[in-house]
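What follows is a single structure, written as structure tokens, with notes after it.
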Amino acid sequence: MRRMQHGHDDYDYGYGSDGHDNGYGEPGYGYDHERENAYAGADEGSGEPRRRRRTLALLAAGLVTLALLPVVVDRAVAARIESRTAKAFQQGMDTPLPPEVHVRGFPVVTQAASGTLRRVDITAHDIPAQGTTRPLPVSELSLRLDGLTKSDDDSEARARSARATASLSYTDVSDTLGLEISQGSRPGRVSAVVVLPLGGEVTVETSVSAVSGNRIAFKDFEVTGGALPAAGSLILDRVFERPIPLRNIPDGLHLRSVTTTADGLDADFTGRSVTFRPQDTARDDT
């Protein structure tokens, strides 16, 4: 009988047939320490670029923050100036709500430090009438103030130059004149309905224009509907003989023109060395 051999010729526990290491380290475990070290080295090498990228990202974020910081500070200064200006204007003009105020130009910080704001835009709504001192309400007043400075005690503000538009509704003009006023058939003219003493009514048109003293004058009326008796002519003469004064605006603005729109009259003003005194205005109204 042939005797079987129980050697290790048919099995390999991690070594080749020549007895050398076949690259798996321990016999039968398939583990290579050299490969482990190689992988570990690769991981350590990739960590450095990662740290570099993180540092660059933090640096970029810091630079962005530094770049935005002056803008944030400037906006805060502008917001404070706008808020104080709105409060003073509301106090002086007795508006139900503070006006919209915008300080133009950048940076505002340097403008404030110099004591002069290059441009300030103000839009106020519903400036009420105050008896004979301000007989006609203003629906909207839009102001552009250039070169605005204020006194040390905040009692007044002065603009090197200014432009303004006061919008007057036909309803308010009608209440002031005691006639129903609407847009006329031609630019620069308004239509008025006159109720006659003995009944009936007549429609007339009259021109509107700016006259000295910041007043709106009504002239050259003509009948466009119905018959106007002599008594009616006397009524119109009495109604239109006195121009309407506009006093709901800062001192130094002068009325230049009046235009008609579908909703009312637009009165345009310009001026130099325009002064606004909120305390004085409030005291005069009282």
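A note on labels: chains of the structure tokens are A, B, ... as shown, every chain counts residues from 1, and ligands are counted from 1 in their shown order.
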Mind checking DSSP for segment 85-118 of chain A and telling me the strand (DSSP E) residues as a VMD selection string?
chain A and resid 100 to 104 117 to 118
Find the spatial neighbours of Thr270 of chain A, counting only C-alpha atoms, within a cut-off of 8 Å - ignore same-chain residues fewer than 4 positions away - and output them as a PyMOL selection string.
chain A and resi 161-164+253-256
Could you write out that same residue set with all heavy atoms as a PDB file, in the first residue's frame?
```pdb
ATOM      1  N   SER A 161     -30.014 124.729  -1.240  1.00  0.00           N
ATOM      2  CA  SER A 161     -31.054 124.890  -2.256  1.00  0.00           C
ATOM      3  C   SER A 161     -32.082 123.783  -2.062  1.00  0.00           C
ATOM      4  O   SER A 161     -31.793 122.755  -1.439  1.00  0.00           O
ATOM      5  CB  SER A 161     -30.467 124.837  -3.674  1.00  0.00           C
ATOM      6  OG  SER A 161     -29.884 123.559  -3.922  1.00  0.00           O
ATOM      7  N   ALA A 162     -33.270 124.021  -2.593  1.00  0.00           N
ATOM      8  CA  ALA A 162     -34.344 123.043  -2.397  1.00  0.00           C
ATOM      9  C   ALA A 162     -35.354 123.148  -3.523  1.00  0.00           C
ATOM     10  O   ALA A 162     -35.525 124.206  -4.142  1.00  0.00           O
ATOM     11  CB  ALA A 162     -35.028 123.260  -1.053  1.00  0.00           C
ATOM     12  N   ARG A 163     -36.001 122.024  -3.746  1.00  0.00           N
ATOM     13  CA  ARG A 163     -37.132 121.969  -4.679  1.00  0.00           C
ATOM     14  C   ARG A 163     -38.242 121.194  -3.994  1.00  0.00           C
ATOM     15  O   ARG A 163     -37.993 120.282  -3.200  1.00  0.00           O
ATOM     16  CB  ARG A 163     -36.734 121.274  -5.988  1.00  0.00           C
ATOM     17  CG  ARG A 163     -35.579 121.934  -6.712  1.00  0.00           C
ATOM     18  CD  ARG A 163     -35.350 121.311  -8.079  1.00  0.00           C
ATOM     19  NE  ARG A 163     -36.491 121.562  -8.961  1.00  0.00           N
ATOM     20  CZ  ARG A 163     -36.521 121.221 -10.245  1.00  0.00           C
ATOM     21  NH1 ARG A 163     -35.492 120.603 -10.795  1.00  0.00           N
ATOM     22  NH2 ARG A 163     -37.582 121.490 -10.984  1.00  0.00           N
ATOM     23  N   ALA A 164     -39.481 121.566  -4.307  1.00  0.00           N
ATOM     24  CA  ALA A 164     -40.611 120.907  -3.657  1.00  0.00           C
ATOM     25  C   ALA A 164     -41.820 120.917  -4.567  1.00  0.00           C
ATOM     26  O   ALA A 164     -41.972 121.804  -5.417  1.00  0.00           O
ATOM     27  CB  ALA A 164     -40.948 121.599  -2.337  1.00  0.00           C
ATOM     28  N   LEU A 253     -38.925 128.778   0.375  1.00  0.00           N
ATOM     29  CA  LEU A 253     -39.402 128.185  -0.873  1.00  0.00           C
ATOM     30  C   LEU A 253     -40.386 129.144  -1.541  1.00  0.00           C
ATOM     31  O   LEU A 253     -41.250 129.724  -0.875  1.00  0.00           O
ATOM     32  CB  LEU A 253     -40.079 126.842  -0.610  1.00  0.00           C
ATOM     33  CG  LEU A 253     -39.161 125.653  -0.334  1.00  0.00           C
ATOM     34  CD1 LEU A 253     -39.977 124.449   0.122  1.00  0.00           C
ATOM     35  CD2 LEU A 253     -38.353 125.300  -1.570  1.00  0.00           C
ATOM     36  N   HIS A 254     -40.266 129.286  -2.845  1.00  0.00           N
ATOM     37  CA  HIS A 254     -41.106 130.213  -3.588  1.00  0.00           C
ATOM     38  C   HIS A 254     -41.885 129.469  -4.670  1.00  0.00           C
ATOM     39  O   HIS A 254     -41.315 128.673  -5.413  1.00  0.00           O
ATOM     40  CB  HIS A 254     -40.251 131.314  -4.219  1.00  0.00           C
ATOM     41  CG  HIS A 254     -39.417 132.074  -3.223  1.00  0.00           C
ATOM     42  ND1 HIS A 254     -39.955 132.974  -2.343  1.00  0.00           N
ATOM     43  CD2 HIS A 254     -38.090 132.014  -2.944  1.00  0.00           C
ATOM     44  CE1 HIS A 254     -39.002 133.468  -1.578  1.00  0.00           C
ATOM     45  NE2 HIS A 254     -37.854 132.905  -1.918  1.00  0.00           N
ATOM     46  N   LEU A 255     -43.170 129.754  -4.738  1.00  0.00           N
ATOM     47  CA  LEU A 255     -44.047 129.103  -5.704  1.00  0.00           C
ATOM     48  C   LEU A 255     -43.699 129.565  -7.115  1.00  0.00           C
ATOM     49  O   LEU A 255     -43.690 130.766  -7.403  1.00  0.00           O
ATOM     50  CB  LEU A 255     -45.504 129.420  -5.389  1.00  0.00           C
ATOM     51  CG  LEU A 255     -46.561 128.792  -6.289  1.00  0.00           C
ATOM     52  CD1 LEU A 255     -46.506 127.280  -6.224  1.00  0.00           C
ATOM     53  CD2 LEU A 255     -47.960 129.300  -5.896  1.00  0.00           C
ATOM     54  N   ARG A 256     -43.404 128.601  -7.990  1.00  0.00           N
ATOM     55  CA  ARG A 256     -43.015 128.940  -9.369  1.00  0.00           C
ATOM     56  C   ARG A 256     -44.112 128.662 -10.375  1.00  0.00           C
ATOM     57  O   ARG A 256     -44.271 129.391 -11.354  1.00  0.00           O
ATOM     58  CB  ARG A 256     -41.755 128.142  -9.742  1.00  0.00           C
ATOM     59  CG  ARG A 256     -40.571 128.352  -8.813  1.00  0.00           C
ATOM     60  CD  ARG A 256     -40.152 129.808  -8.746  1.00  0.00           C
ATOM     61  NE  ARG A 256     -38.978 129.982  -7.896  1.00  0.00           N
ATOM     62  CZ  ARG A 256     -38.472 131.168  -7.574  1.00  0.00           C
ATOM     63  NH1 ARG A 256     -39.050 132.275  -8.013  1.00  0.00           N
ATOM     64  NH2 ARG A 256     -37.420 131.241  -6.787  1.00  0.00           N
TER      65      ARG A 256
END
```
Let me make sure I understand: among A:Val211, A:Leu246, A:Ala262, A:Val101, which one has the smallest atom-to-atom distance to Ala88 of chain A if we use only C-alpha atoms?
A:Val101
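Between Thr165 of chain A and the candidates A:Gln130, A:Ser139, A:Gln90, A:Arg186, the tightest atom-to-atom separation, counting only C-alpha atoms, involves A:Ser139.
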Neighbouring residues of Ser142 of chain A were defined as those with any atom within 12 Å, considering only C-alpha atoms; residues of the same chain fewer than 3 positions away were excluded. Please report them as a list in words.
Pro99, Glu100, Val101, His102, Val120, Asp121, Ile122, Thr123, Ala124, His125, Asp126, Ile127, Val138, Ser139, Leu145, Ala162, Arg163, Ala164, Thr165, Ala166, Ser167, Asn248, Ile249, Pro250, Asp266, Ala267, Asp268, Phe269 and Thr270 of chain A
Atoms kept (N, CA, C and O atoms) for selection, written as a JSON list (two decimals), in the first residue's frame:
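Just written: part.json:
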```json
[["chain", "number", "residue", "atom", "x", "y", "z"],
["A", 99, "PRO", "N", -42.91, 111.52, 8.08],
["A", 99, "PRO", "CA", -42.67, 111.47, 6.64],
["A", 99, "PRO", "C", -41.61, 110.44, 6.29],
["A", 99, "PRO", "O", -40.89, 109.93, 7.18],
["A", 100, "GLU", "N", -41.51, 110.13, 5.02],
["A", 100, "GLU", "CA", -40.44, 109.26, 4.52],
["A", 100, "GLU", "C", -39.21, 110.13, 4.27],
["A", 100, "GLU", "O", -39.28, 111.13, 3.55],
["A", 101, "VAL", "N", -38.09, 109.75, 4.88],
["A", 101, "VAL", "CA", -36.86, 110.53, 4.77],
["A", 101, "VAL", "C", -35.74, 109.62, 4.26],
["A", 101, "VAL", "O", -35.57, 108.50, 4.77],
["A", 102, "HIS", "N", -35.00, 110.09, 3.26],
["A", 102, "HIS", "CA", -33.89, 109.32, 2.71],
["A", 102, "HIS", "C", -32.67, 110.24, 2.57],
["A", 102, "HIS", "O", -32.75, 111.28, 1.92],
["A", 120, "VAL", "N", -31.03, 115.29, 0.88],
["A", 120, "VAL", "CA", -32.03, 114.63, 1.71],
["A", 120, "VAL", "C", -33.38, 114.76, 1.00],
["A", 120, "VAL", "O", -33.79, 115.87, 0.63],
["A", 121, "ASP", "N", -34.06, 113.64, 0.81],
["A", 121, "ASP", "CA", -35.39, 113.63, 0.20],
["A", 121, "ASP", "C", -36.43, 113.35, 1.28],
["A", 121, "ASP", "O", -36.27, 112.41, 2.08],
["A", 122, "ILE", "N", -37.49, 114.16, 1.29],
["A", 122, "ILE", "CA", -38.56, 114.02, 2.27],
["A", 122, "ILE", "C", -39.90, 113.97, 1.54],
["A", 122, "ILE", "O", -40.15, 114.80, 0.67],
["A", 123, "THR", "N", -40.72, 113.01, 1.90],
["A", 123, "THR", "CA", -42.09, 112.92, 1.35],
["A", 123, "THR", "C", -43.05, 112.82, 2.52],
["A", 123, "THR", "O", -43.03, 111.85, 3.28],
["A", 124, "ALA", "N", -43.89, 113.85, 2.67],
["A", 124, "ALA", "CA", -44.86, 113.90, 3.77],
["A", 124, "ALA", "C", -46.27, 113.84, 3.19],
["A", 124, "ALA", "O", -46.53, 114.30, 2.07],
["A", 125, "HIS", "N", -47.17, 113.28, 3.97],
["A", 125, "HIS", "CA", -48.56, 113.11, 3.53],
["A", 125, "HIS", "C", -49.51, 113.78, 4.53],
["A", 125, "HIS", "O", -49.27, 113.79, 5.74],
["A", 126, "ASP", "N", -50.60, 114.32, 3.99],
["A", 126, "ASP", "CA", -51.71, 114.82, 4.81],
["A", 126, "ASP", "C", -51.27, 115.90, 5.79],
["A", 126, "ASP", "O", -51.47, 115.78, 7.01],
["A", 127, "ILE", "N", -50.68, 116.97, 5.26],
["A", 127, "ILE", "CA", -50.36, 118.13, 6.10],
["A", 127, "ILE", "C", -51.64, 118.92, 6.30],
["A", 127, "ILE", "O", -52.22, 119.43, 5.33],
["A", 138, "VAL", "N", -52.45, 120.03, 2.48],
["A", 138, "VAL", "CA", -51.57, 119.51, 1.43],
["A", 138, "VAL", "C", -51.62, 117.99, 1.48],
["A", 138, "VAL", "O", -51.30, 117.39, 2.51],
["A", 139, "SER", "N", -52.06, 117.37, 0.39],
["A", 139, "SER", "CA", -52.16, 115.91, 0.36],
["A", 139, "SER", "C", -50.79, 115.25, 0.42],
["A", 139, "SER", "O", -50.60, 114.25, 1.12],
["A", 145, "LEU", "N", -33.80, 118.44, -0.64],
["A", 145, "LEU", "CA", -32.95, 119.42, 0.03],
["A", 145, "LEU", "C", -31.49, 119.11, -0.29],
["A", 145, "LEU", "O", -31.01, 118.01, -0.01],
["A", 162, "ALA", "N", -33.27, 124.02, -2.59],
["A", 162, "ALA", "CA", -34.34, 123.04, -2.40],
["A", 162, "ALA", "C", -35.35, 123.15, -3.52],
["A", 162, "ALA", "O", -35.52, 124.21, -4.14],
["A", 163, "ARG", "N", -36.00, 122.02, -3.75],
["A", 163, "ARG", "CA", -37.13, 121.97, -4.68],
["A", 163, "ARG", "C", -38.24, 121.19, -3.99],
["A", 163, "ARG", "O", -37.99, 120.28, -3.20],
["A", 164, "ALA", "N", -39.48, 121.57, -4.31],
["A", 164, "ALA", "CA", -40.61, 120.91, -3.66],
["A", 164, "ALA", "C", -41.82, 120.92, -4.57],
["A", 164, "ALA", "O", -41.97, 121.80, -5.42],
["A", 165, "THR", "N", -42.67, 119.91, -4.37],
["A", 165, "THR", "CA", -43.96, 119.84, -5.06],
["A", 165, "THR", "C", -45.03, 119.56, -4.01],
["A", 165, "THR", "O", -44.93, 118.57, -3.27],
["A", 166, "ALA", "N", -46.03, 120.44, -3.95],
["A", 166, "ALA", "CA", -47.16, 120.26, -3.05],
["A", 166, "ALA", "C", -48.37, 119.85, -3.87],
["A", 166, "ALA", "O", -48.76, 120.55, -4.81],
["A", 167, "SER", "N", -48.93, 118.70, -3.52],
["A", 167, "SER", "CA", -50.12, 118.20, -4.22],
["A", 167, "SER", "C", -51.37, 118.57, -3.42],
["A", 167, "SER", "O", -51.46, 118.27, -2.22],
["A", 248, "ASN", "N", -47.99, 125.78, 4.06],
["A", 248, "ASN", "CA", -47.59, 124.51, 4.67],
["A", 248, "ASN", "C", -46.24, 124.04, 4.15],
["A", 248, "ASN", "O", -46.02, 122.86, 3.93],
["A", 249, "ILE", "N", -45.33, 124.95, 3.95],
["A", 249, "ILE", "CA", -44.02, 124.62, 3.39],
["A", 249, "ILE", "C", -42.94, 125.35, 4.18],
["A", 249, "ILE", "O", -43.21, 126.37, 4.84],
["A", 250, "PRO", "N", -41.69, 124.88, 4.15],
["A", 250, "PRO", "CA", -40.61, 125.56, 4.86],
["A", 250, "PRO", "C", -40.34, 126.96, 4.31],
["A", 250, "PRO", "O", -40.60, 127.25, 3.14],
["A", 266, "ASP", "N", -50.89, 120.58, -8.67],
["A", 266, "ASP", "CA", -49.49, 120.41, -8.25],
["A", 266, "ASP", "C", -48.81, 121.77, -8.26],
["A", 266, "ASP", "O", -48.73, 122.43, -9.30],
["A", 267, "ALA", "N", -48.35, 122.20, -7.08],
["A", 267, "ALA", "CA", -47.67, 123.48, -6.94],
["A", 267, "ALA", "C", -46.18, 123.22, -6.79],
["A", 267, "ALA", "O", -45.76, 122.50, -5.87],
["A", 268, "ASP", "N", -45.38, 123.77, -7.68],
["A", 268, "ASP", "CA", -43.92, 123.55, -7.68],
["A", 268, "ASP", "C", -43.20, 124.75, -7.09],
["A", 268, "ASP", "O", -43.47, 125.90, -7.45],
["A", 269, "PHE", "N", -42.25, 124.45, -6.19],
["A", 269, "PHE", "CA", -41.48, 125.47, -5.49],
["A", 269, "PHE", "C", -39.99, 125.25, -5.70],
["A", 269, "PHE", "O", -39.53, 124.11, -5.88],
["A", 270, "THR", "N", -39.23, 126.32, -5.64],
["A", 270, "THR", "CA", -37.77, 126.26, -5.58],
["A", 270, "THR", "C", -37.31, 127.34, -4.60],
["A", 270, "THR", "O", -38.06, 128.28, -4.27]]
```
For Ser233 of chain A, which residue out of A:Thr259, A:Val194, A:Val72, A:Pro245 is the nearest one, using only C-alpha atoms?
A:Val194
Report, in Å with one decimal, the straight-line distance from atom CA of Val239 of chain A to atom CA of Thr176 of chain A.
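Rounded to one decimal, the two atoms are 9.9 Å apart.
Note that the spacing between atom CA of Glu205 of chain A and atom CA of Ala129 of chain A amounts to 25.6 Å.
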Polymer residues at most 9 Å from Thr275 of chain A, only C-alpha atoms, same-chain spacing of 6 or more positions, as a list in words:
Glu156, Ala157, Arg158, Ala159, Pro250, Asp251, Gly252 and Leu253 of chain A
I need the chosen residues saved as an mmCIF file, in the first residue's frame, with C-alpha atoms.
```cif
data_model
loop_
_atom_site.group_PDB
_atom_site.id
_atom_site.type_symbol
_atom_site.label_atom_id
_atom_site.label_comp_id
_atom_site.auth_asym_id
_atom_site.auth_seq_id
_atom_site.Cartn_x
_atom_site.Cartn_y
_atom_site.Cartn_z
ATOM 1 C CA GLU A 156 -33.398 124.692 12.730
ATOM 2 C CA ALA A 157 -32.091 123.117 9.550
ATOM 3 C CA ARG A 158 -30.991 125.009 6.462
ATOM 4 C CA ALA A 159 -30.641 123.778 2.877
ATOM 5 C CA PRO A 250 -40.607 125.561 4.864
ATOM 6 C CA ASP A 251 -39.466 129.185 4.769
ATOM 7 C CA GLY A 252 -37.481 130.212 1.700
ATOM 8 C CA LEU A 253 -39.402 128.185 -0.873
#
```
Contact residues around Leu228 of chain A with only C-alpha atoms at 12 Å, ignoring same-chain residues under 3 positions, as a list of chain:residue names:
A:Val193, A:Val194, A:Val195, A:Leu196, A:Pro197, A:Leu198, A:Gly199, A:Gly200, A:Glu201, A:Val202, A:Thr203, A:Val204, A:Phe221, A:Glu222, A:Val223, A:Thr224, A:Gly225, A:Ala231, A:Gly232, A:Ser233, A:Leu234, A:Ile235, A:Leu236
Contacts of Asp74 of chain A within 7 Å, only C-alpha atoms, excl. fewer than 3 positions in-chain, as a PDB file with C-alpha atoms, in the first residue's frame:
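Below you can see around-v3.pdb, which holds the result:
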```pdb
ATOM      1  CA  PRO A  70     -18.393 100.146   7.090  1.00  0.00           C
ATOM      2  CA  VAL A  71     -21.610  99.717   5.094  1.00  0.00           C
ATOM      3  CA  VAL A  77     -25.871 106.468  11.003  1.00  0.00           C
ATOM      4  CA  ALA A  78     -28.142 107.251   8.034  1.00  0.00           C
ATOM      5  CA  PRO A 107     -20.728 107.378   2.859  1.00  0.00           C
ATOM      6  CA  VAL A 108     -23.133 109.225   5.130  1.00  0.00           C
ATOM      7  CA  VAL A 109     -20.673 109.088   8.037  1.00  0.00           C
TER       8      VAL A 109
END
```
